[in-house]
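**Student:** Following this message is one structure expressed as structure tokens.
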2 protein chains.
Amino acid sequence: VNFSVTILGSSSALPTSRRFPAAHLLNADEHFYLIDCGEGTQVQLRKFKIKFGKINHIFLSHLHGDHCFGIFGLLSTFDLLGRKTALHIHAPTGFEKILSFYQEYFSHSPSYDVQYHPIDTKSETIIHEDKKIQVLAISLTHKIPTYGFVFREQAKERKVSKAAIAQYQLGLKDILRIKHGEDYVDENGNIIPNSQLSITPPLPRSYAYITDTVLKESILKHIKDIDLLYHESTFLHKDLKLARETCHTTAKQAAFLALKACARKLLIGHFSSRYPNEEDFLTEAMAVFENTVMVEDGNQFNIEHHK
Amino acid sequence: VNFSVTILGSSSALPTSRRFPAAHLLNADEHFYLIDCGEGTQVQLRKFKIKFGKINHIFLSHLHGDHCFGIFGLLSTFDLLGRKTALHIHAPTGFEKILSFYQEYFSHSPSYDVQYHPIDTKSETIIHEDKKIQVLAISLTHKIPTYGFVFREQAKERKVSKAAIAQYQLGLKDILRIKHGEDYVDENGNIIPNSQLSITPPLPRSYAYITDTVLKESILKHIKDIDLLYHESTFLHKDLKLARETCHTTAKQAAFLALKACARKLLIGHFSSRYPNEEDFLTEAMAVFENTVMVEDGNQFNIEHHK
């Protein structure tokens, strides 16, 4: 089952000729979730051949233009394509004004319904859950209300072995109990331990998207043992003062957070365009946390189950 | 002296992986004029290495998203780059609401001034003039108020030959009169014809941008003998009915207009994404007007003086 992230845009506020503004796509078993929607997101979705009609949920971290100016074009395109399925947009409060503006001036008879789900918490809250994933929003610290998102696969049930069903002639009720981890007591009173009856499912995979923010160690409890951590890395650590002033993070800080969280892999992006050599970000982060990747637009990261 | 057009985007309403939404850049002697500003225009400006800080005037044909959604990102980027020069936006009435929205939610302490110049005419009007060019807006026929633009170089003065100045010992007043086309009468009463004294300047070069509209022959008088005509060509002529219903033009119609206008060259673009083979647009247009080019994003057209 696919659980992967595609980088659609990875620039900071100023896009470059190689990096579009922020946008990621999460594919959870062919259910598509768009995270941020910088200008040109729809162009990138086409370029990377993503069937974007499958996107039913959009999550916006905050309402700075480089994270949301692509929403107008994407909503228009869905309309032109005759989309029928409702589109759910999860965004900080205030987005209702952006949506109203769009609807008043650019969308007179939309083919589909847009449902806006405001995010408004000072700590964290589960903002979405479906049969594939669960999404936690975590309050970050930026110039305006900003949220990080932790996406987790839904936990799978234990799988009862066919051999056990046959051997013990298990009924539906027995099977349901075993799926939930209970042992089985046969007609002679023998206890058959659950581990002999069912298979432990793989752990739910997880992906966290943390941008734009100062280093925030209080989020550690939410990203502990995360499989894939994307963390902004706008500045090099020599510019820590500037990072703090502008409410951003350095590459070194992002790497420390990954280390403390025992993340399996760290992705860094959102680099300030002031630095001539982007490799410096990678060098700085890898000195602290080796399994770091400096993302490029178009990169796809398949998140595998723990072995 | 440079007078050239760069195609930044050439799709119709739905961008494709190869075509961004509408935007052209006119370079008149290193003065830059942006015409339409579809989503991703700022990315294209970077990609094609255009020093876009030099853009002081933006002309928007109409307020459909595929022609203006890039304005937000571009205005933001100018701000982040610390632009100081005022930016002039010429757009149909109604744009003030789009600008206010942007300024209220995305631009709290802009580094530069945006001056909005509403276009509002049922026929045509000169909407801008500077030392390089003159811009005529022509009312087109689309679903909402839409304008075509004719850009003409300012006429240059006749150049008085150095030999004539020496031979007749011409004073400043004489020179000014000759520049304006007068003959010269020497001290003996001999009439020296202007053609022996001065050089005819090259004709001002011209470029017209006509999109989105039904075929409108009434604009012919404004584009007569135009050097470069860009005309939308959303449909093939077999879909003329659809073109009329959606207020667009066919390739054949665009070519007929170029022929009747005695245009030197026709550019076609804004193709509907419904056609699998774009070459059909070119074949159809060239059957009527041979000097037709089907534009691609990144194309640059240098407009030369008539020989």
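Simple scheme: letters A, B, ... for chains in structure tokens order, numbers from 1 for residues in each chain, numbers from 1 for ligands in the order shown.
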If you run DSSP over the backbone, which residues in stretch 108-242 of chain A end up helix (DSSP H, G or I)? Put them as a PyMOL selection string.
**Tutor:** chain A and resi 162-168+172-179+194-196+217-223+237-242
**Student:** Sorted by chain and rising residue number, list the residues of chain B at most 9 Å from chain A (counting only C-alpha atoms), each with its closest atom pair and distance in Å to one decimal, as JSON lines.
**Tutor:**
{"residue": "B:Ala13", "atom": "CA", "partner": "A:Thr77", "partner_atom": "CA", "distance": 7.8}
{"residue": "B:Leu14", "atom": "CA", "partner": "A:Thr77", "partner_atom": "CA", "distance": 6.3}
{"residue": "B:Pro15", "atom": "CA", "partner": "A:Val43", "partner_atom": "CA", "distance": 6.7}
{"residue": "B:Thr16", "atom": "CA", "partner": "A:Arg46", "partner_atom": "CA", "distance": 6.6}
{"residue": "B:Ser17", "atom": "CA", "partner": "A:Lys47", "partner_atom": "CA", "distance": 4.8}
{"residue": "B:Arg18", "atom": "CA", "partner": "A:Lys47", "partner_atom": "CA", "distance": 8.0}
{"residue": "B:Arg19", "atom": "CA", "partner": "A:Val43", "partner_atom": "CA", "distance": 8.7}
{"residue": "B:Phe20", "atom": "CA", "partner": "A:Val43", "partner_atom": "CA", "distance": 7.4}
{"residue": "B:Glu39", "atom": "CA", "partner": "A:Gly40", "partner_atom": "CA", "distance": 6.1}
{"residue": "B:Gly40", "atom": "CA", "partner": "A:Gly40", "partner_atom": "CA", "distance": 5.2}
{"residue": "B:Thr41", "atom": "CA", "partner": "A:Gly40", "partner_atom": "CA", "distance": 9.0}
{"residue": "B:Gln42", "atom": "CA", "partner": "A:Pro15", "partner_atom": "CA", "distance": 8.1}
{"residue": "B:Val43", "atom": "CA", "partner": "A:Ser17", "partner_atom": "CA", "distance": 6.2}
{"residue": "B:Gln44", "atom": "CA", "partner": "A:Ser17", "partner_atom": "CA", "distance": 7.6}
{"residue": "B:Leu45", "atom": "CA", "partner": "A:Ser17", "partner_atom": "CA", "distance": 8.5}
{"residue": "B:Arg46", "atom": "CA", "partner": "A:Ser17", "partner_atom": "CA", "distance": 5.4}
{"residue": "B:Lys47", "atom": "CA", "partner": "A:Ser17", "partner_atom": "CA", "distance": 4.8}
{"residue": "B:Phe48", "atom": "CA", "partner": "A:Ser17", "partner_atom": "CA", "distance": 8.4}
{"residue": "B:Lys49", "atom": "CA", "partner": "A:Ser17", "partner_atom": "CA", "distance": 8.6}
{"residue": "B:Leu63", "atom": "CA", "partner": "A:Phe106", "partner_atom": "CA", "distance": 8.4}
{"residue": "B:His64", "atom": "CA", "partner": "A:Phe106", "partner_atom": "CA", "distance": 6.9}
{"residue": "B:Gly65", "atom": "CA", "partner": "A:Phe106", "partner_atom": "CA", "distance": 6.8}
{"residue": "B:Asp66", "atom": "CA", "partner": "A:Gly73", "partner_atom": "CA", "distance": 7.4}
{"residue": "B:Phe69", "atom": "CA", "partner": "A:Gly73", "partner_atom": "CA", "distance": 6.8}
{"residue": "B:Gly70", "atom": "CA", "partner": "A:Glu39", "partner_atom": "CA", "distance": 7.5}
{"residue": "B:Phe72", "atom": "CA", "partner": "A:Phe69", "partner_atom": "CA", "distance": 7.1}
{"residue": "B:Gly73", "atom": "CA", "partner": "A:Gly65", "partner_atom": "CA", "distance": 6.8}
{"residue": "B:Ser76", "atom": "CA", "partner": "A:Gly65", "partner_atom": "CA", "distance": 7.5}
{"residue": "B:Thr77", "atom": "CA", "partner": "A:Leu14", "partner_atom": "CA", "distance": 6.3}
{"residue": "B:Leu80", "atom": "CA", "partner": "A:Leu14", "partner_atom": "CA", "distance": 7.6}
{"residue": "B:Leu81", "atom": "CA", "partner": "A:Leu14", "partner_atom": "CA", "distance": 8.6}
{"residue": "B:Lys97", "atom": "CA", "partner": "A:Tyr105", "partner_atom": "CA", "distance": 8.8}
{"residue": "B:Ile98", "atom": "CA", "partner": "A:Phe101", "partner_atom": "CA", "distance": 8.3}
{"residue": "B:Phe101", "atom": "CA", "partner": "A:Phe101", "partner_atom": "CA", "distance": 7.5}
{"residue": "B:Tyr105", "atom": "CA", "partner": "A:Ile98", "partner_atom": "CA", "distance": 8.3}
{"residue": "B:Phe106", "atom": "CA", "partner": "A:Gly65", "partner_atom": "CA", "distance": 6.7}
**Student:** Write out, as a PDB file, in the first residue's frame, the residues just selected, with C-alpha atoms.
**Tutor:**
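Result file result-v4.pdb:
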ATOM      1  CA  ALA B  13      -8.038  28.521 -19.247  1.00  0.00           C
ATOM      2  CA  LEU B  14      -6.483  25.161 -18.371  1.00  0.00           C
ATOM      3  CA  PRO B  15      -2.681  25.272 -18.181  1.00  0.00           C
ATOM      4  CA  THR B  16      -0.827  22.198 -19.432  1.00  0.00           C
ATOM      5  CA  SER B  17       2.526  20.747 -18.502  1.00  0.00           C
ATOM      6  CA  ARG B  18       4.068  22.805 -21.347  1.00  0.00           C
ATOM      7  CA  ARG B  19       1.956  25.953 -21.340  1.00  0.00           C
ATOM      8  CA  PHE B  20       1.463  28.387 -18.472  1.00  0.00           C
ATOM      9  CA  GLU B  39      -0.632  32.071 -12.451  1.00  0.00           C
ATOM     10  CA  GLY B  40       3.095  31.417 -12.432  1.00  0.00           C
ATOM     11  CA  THR B  41       4.114  34.536 -14.370  1.00  0.00           C
ATOM     12  CA  GLN B  42       6.807  35.354 -11.808  1.00  0.00           C
ATOM     13  CA  VAL B  43       8.230  31.842 -12.166  1.00  0.00           C
ATOM     14  CA  GLN B  44       8.355  32.213 -15.949  1.00  0.00           C
ATOM     15  CA  LEU B  45      10.020  35.634 -15.667  1.00  0.00           C
ATOM     16  CA  ARG B  46      12.784  34.011 -13.626  1.00  0.00           C
ATOM     17  CA  LYS B  47      13.025  30.982 -15.882  1.00  0.00           C
ATOM     18  CA  PHE B  48      13.494  33.158 -18.961  1.00  0.00           C
ATOM     19  CA  LYS B  49      15.980  35.353 -17.077  1.00  0.00           C
ATOM     20  CA  LEU B  63     -10.352  39.702 -15.029  1.00  0.00           C
ATOM     21  CA  HIS B  64     -10.658  35.985 -15.662  1.00  0.00           C
ATOM     22  CA  GLY B  65      -8.335  34.007 -13.431  1.00  0.00           C
ATOM     23  CA  ASP B  66      -6.193  32.566 -16.211  1.00  0.00           C
ATOM     24  CA  PHE B  69      -4.062  35.062 -10.881  1.00  0.00           C
ATOM     25  CA  GLY B  70      -0.308  35.654 -11.069  1.00  0.00           C
ATOM     26  CA  PHE B  72      -0.739  38.352  -6.235  1.00  0.00           C
ATOM     27  CA  GLY B  73       2.561  36.510  -6.284  1.00  0.00           C
ATOM     28  CA  SER B  76       4.363  40.065  -3.162  1.00  0.00           C
ATOM     29  CA  THR B  77       7.697  39.327  -4.761  1.00  0.00           C
ATOM     30  CA  LEU B  80      10.029  41.109  -0.748  1.00  0.00           C
ATOM     31  CA  LEU B  81      12.661  42.438  -3.144  1.00  0.00           C
ATOM     32  CA  LYS B  97     -11.641  45.023  -5.647  1.00  0.00           C
ATOM     33  CA  ILE B  98      -8.957  42.485  -6.480  1.00  0.00           C
ATOM     34  CA  PHE B 101      -8.326  42.217  -1.356  1.00  0.00           C
ATOM     35  CA  TYR B 105      -4.851  40.401   3.439  1.00  0.00           C
ATOM     36  CA  PHE B 106      -1.385  40.068   1.964  1.00  0.00           C
TER      37      PHE B 106
END
**Student:** Nearest residue to B:His57 out of B:Gln115, B:Thr93, B:Asn194, B:Ser139, using only C-alpha atoms?
**Tutor:** B:Gln115
**Student:** Run DSSP on the backbone and tell me which residues of stretch 41-104 of chain B come out as strand (DSSP E); list them as a PyMOL selection string.
**Tutor:** chain B and resi 55-59+87-92
**Student:** Could the residues in this selection be saved with N, CA, C and O atoms as a tab-separated table (two decimals), in the first residue's frame?
**Tutor:**
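Once written, part_7.tsv looks like this:
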chain	number	residue	atom	x	y	z
B	55	ILE	N	9.89	46.02	-14.77
B	55	ILE	CA	8.48	46.18	-15.19
B	55	ILE	C	7.85	47.30	-14.38
B	55	ILE	O	7.77	47.21	-13.15
B	56	ASN	N	7.42	48.34	-15.06
B	56	ASN	CA	6.73	49.43	-14.36
B	56	ASN	C	5.26	49.53	-14.73
B	56	ASN	O	4.51	50.27	-14.09
B	57	HIS	N	4.88	48.79	-15.79
B	57	HIS	CA	3.49	48.84	-16.23
B	57	HIS	C	2.98	47.43	-16.49
B	57	HIS	O	3.66	46.64	-17.13
B	58	ILE	N	1.80	47.16	-15.96
B	58	ILE	CA	1.14	45.88	-16.22
B	58	ILE	C	-0.21	46.19	-16.86
B	58	ILE	O	-0.94	47.07	-16.38
B	59	PHE	N	-0.52	45.49	-17.94
B	59	PHE	CA	-1.78	45.66	-18.64
B	59	PHE	C	-2.56	44.35	-18.55
B	59	PHE	O	-2.06	43.31	-18.98
B	87	LEU	N	4.40	51.01	-9.27
B	87	LEU	CA	3.96	50.06	-10.29
B	87	LEU	C	2.58	50.50	-10.78
B	87	LEU	O	1.69	50.73	-9.97
B	88	HIS	N	2.44	50.59	-12.10
B	88	HIS	CA	1.17	51.03	-12.68
B	88	HIS	C	0.43	49.83	-13.25
B	88	HIS	O	0.99	49.09	-14.06
B	89	ILE	N	-0.78	49.64	-12.78
B	89	ILE	CA	-1.59	48.53	-13.31
B	89	ILE	C	-2.78	49.10	-14.06
B	89	ILE	O	-3.58	49.86	-13.49
B	90	HIS	N	-2.86	48.73	-15.34
B	90	HIS	CA	-3.96	49.16	-16.19
B	90	HIS	C	-4.86	47.95	-16.38
B	90	HIS	O	-4.43	46.93	-16.93
B	91	ALA	N	-6.08	48.05	-15.88
B	91	ALA	CA	-6.97	46.88	-15.92
B	91	ALA	C	-8.41	47.36	-15.96
B	91	ALA	O	-8.71	48.48	-15.53
B	92	PRO	N	-9.30	46.49	-16.46
B	92	PRO	CA	-10.71	46.88	-16.52
B	92	PRO	C	-11.24	47.24	-15.13
B	92	PRO	O	-10.74	46.75	-14.11
**Student:** With distances taken over only C-alpha atoms, which of B:Ala258, B:Ala23, B:Lys131, B:Tyr184 is nearest to B:Glu217?
**Tutor:**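 Of B:Ala258, B:Ala23, B:Lys131, B:Tyr184, the one nearest B:Glu217 is B:Ala258, counting only C-alpha atoms.
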**Student:** Compile the contact shell of A:Tyr230 as a ChimeraX atom specification: residues with an atom at most 6 Å away, counting only C-alpha atoms, same-chain residues fewer than 2 positions apart removed.
**Tutor:** /A:208-209,266-268
**Student:** Excluding stretch 157-172 of chain B and any residue of its chain fewer than 3 positions from it, enumerate the residues within 7 Å of it, using only C-alpha atoms, and give them as a PyMOL selection string.
**Tutor:** chain B and resi 175-176+178-180+197-201
**Student:** With all heavy atoms retained, export the selected residues as a JSON list (two decimals), in the first residue's frame.
**Tutor:**
[["chain", "number", "residue", "atom", "x", "y", "z"],
["B", 175, "ILE", "N", 17.57, 73.66, -37.80],
["B", 175, "ILE", "CA", 17.62, 72.20, -37.57],
["B", 175, "ILE", "C", 16.27, 71.69, -37.06],
["B", 175, "ILE", "O", 15.76, 70.67, -37.52],
["B", 175, "ILE", "CB", 18.77, 71.85, -36.60],
["B", 175, "ILE", "CG1", 20.12, 72.12, -37.30],
["B", 175, "ILE", "CG2", 18.69, 70.40, -36.13],
["B", 175, "ILE", "CD1", 21.35, 71.99, -36.41],
["B", 176, "LEU", "N", 15.70, 72.41, -36.10],
["B", 176, "LEU", "CA", 14.40, 71.99, -35.56],
["B", 176, "LEU", "C", 13.33, 71.97, -36.65],
["B", 176, "LEU", "O", 12.54, 71.02, -36.72],
["B", 176, "LEU", "CB", 13.97, 72.92, -34.42],
["B", 176, "LEU", "CG", 14.72, 72.71, -33.09],
["B", 176, "LEU", "CD1", 14.31, 73.76, -32.06],
["B", 176, "LEU", "CD2", 14.47, 71.30, -32.55],
["B", 178, "ILE", "N", 13.81, 71.58, -39.87],
["B", 178, "ILE", "CA", 14.10, 70.46, -40.80],
["B", 178, "ILE", "C", 13.70, 69.11, -40.16],
["B", 178, "ILE", "O", 13.14, 68.24, -40.82],
["B", 178, "ILE", "CB", 15.59, 70.48, -41.20],
["B", 178, "ILE", "CG1", 15.88, 71.76, -41.99],
["B", 178, "ILE", "CG2", 15.95, 69.25, -42.04],
["B", 178, "ILE", "CD1", 17.37, 72.07, -42.17],
["B", 179, "LYS", "N", 13.95, 68.99, -38.86],
["B", 179, "LYS", "CA", 13.53, 67.77, -38.14],
["B", 179, "LYS", "C", 12.02, 67.54, -38.31],
["B", 179, "LYS", "O", 11.54, 66.43, -38.31],
["B", 179, "LYS", "CB", 13.83, 67.90, -36.64],
["B", 179, "LYS", "CG", 15.21, 67.43, -36.22],
["B", 179, "LYS", "CD", 15.37, 67.64, -34.71],
["B", 179, "LYS", "CE", 16.77, 67.34, -34.22],
["B", 179, "LYS", "NZ", 16.97, 65.95, -33.84],
["B", 180, "HIS", "N", 11.29, 68.66, -38.36],
["B", 180, "HIS", "CA", 9.83, 68.53, -38.50],
["B", 180, "HIS", "C", 9.39, 68.42, -39.94],
["B", 180, "HIS", "O", 8.21, 68.48, -40.24],
["B", 180, "HIS", "CB", 9.13, 69.69, -37.79],
["B", 180, "HIS", "CG", 9.15, 69.53, -36.30],
["B", 180, "HIS", "ND1", 10.08, 70.14, -35.50],
["B", 180, "HIS", "CD2", 8.37, 68.77, -35.48],
["B", 180, "HIS", "CE1", 9.88, 69.77, -34.25],
["B", 180, "HIS", "NE2", 8.85, 68.94, -34.20],
["B", 197, "LEU", "N", 18.30, 67.03, -46.85],
["B", 197, "LEU", "CA", 18.85, 67.54, -45.59],
["B", 197, "LEU", "C", 18.73, 66.54, -44.43],
["B", 197, "LEU", "O", 19.52, 66.57, -43.48],
["B", 197, "LEU", "CB", 18.11, 68.82, -45.19],
["B", 197, "LEU", "CG", 18.15, 69.96, -46.22],
["B", 197, "LEU", "CD1", 17.09, 70.99, -45.88],
["B", 197, "LEU", "CD2", 19.54, 70.59, -46.24],
["B", 198, "SER", "N", 17.70, 65.70, -44.51],
["B", 198, "SER", "CA", 17.44, 64.84, -43.35],
["B", 198, "SER", "C", 17.08, 63.43, -43.78],
["B", 198, "SER", "O", 16.73, 63.18, -44.94],
["B", 198, "SER", "CB", 16.33, 65.43, -42.49],
["B", 198, "SER", "OG", 15.09, 65.29, -43.15],
["B", 199, "ILE", "N", 17.17, 62.54, -42.84],
["B", 199, "ILE", "CA", 16.91, 61.13, -43.10],
["B", 199, "ILE", "C", 15.56, 60.75, -42.48],
["B", 199, "ILE", "O", 15.30, 61.07, -41.32],
["B", 199, "ILE", "CB", 18.05, 60.27, -42.48],
["B", 199, "ILE", "CG1", 19.39, 60.68, -43.10],
["B", 199, "ILE", "CG2", 17.79, 58.79, -42.66],
["B", 199, "ILE", "CD1", 20.56, 60.52, -42.15],
["B", 200, "THR", "N", 14.74, 60.08, -43.28],
["B", 200, "THR", "CA", 13.44, 59.63, -42.78],
["B", 200, "THR", "C", 13.66, 58.58, -41.69],
["B", 200, "THR", "O", 14.39, 57.61, -41.92],
["B", 200, "THR", "CB", 12.60, 59.02, -43.92],
["B", 200, "THR", "OG1", 12.55, 59.96, -44.99],
["B", 200, "THR", "CG2", 11.21, 58.67, -43.46],
["B", 201, "PRO", "N", 13.10, 58.77, -40.51],
["B", 201, "PRO", "CA", 13.30, 57.76, -39.44],
["B", 201, "PRO", "C", 12.53, 56.50, -39.78],
["B", 201, "PRO", "O", 11.57, 56.55, -40.56],
["B", 201, "PRO", "CB", 12.73, 58.44, -38.21],
["B", 201, "PRO", "CG", 11.69, 59.37, -38.73],
["B", 201, "PRO", "CD", 12.15, 59.82, -40.10]]
**Student:** In Å, how far is it from atom CA of A:Lys156 to atom CA of A:Ile35?
**Tutor:**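 Between these atoms lies a distance of 24.2 Å.
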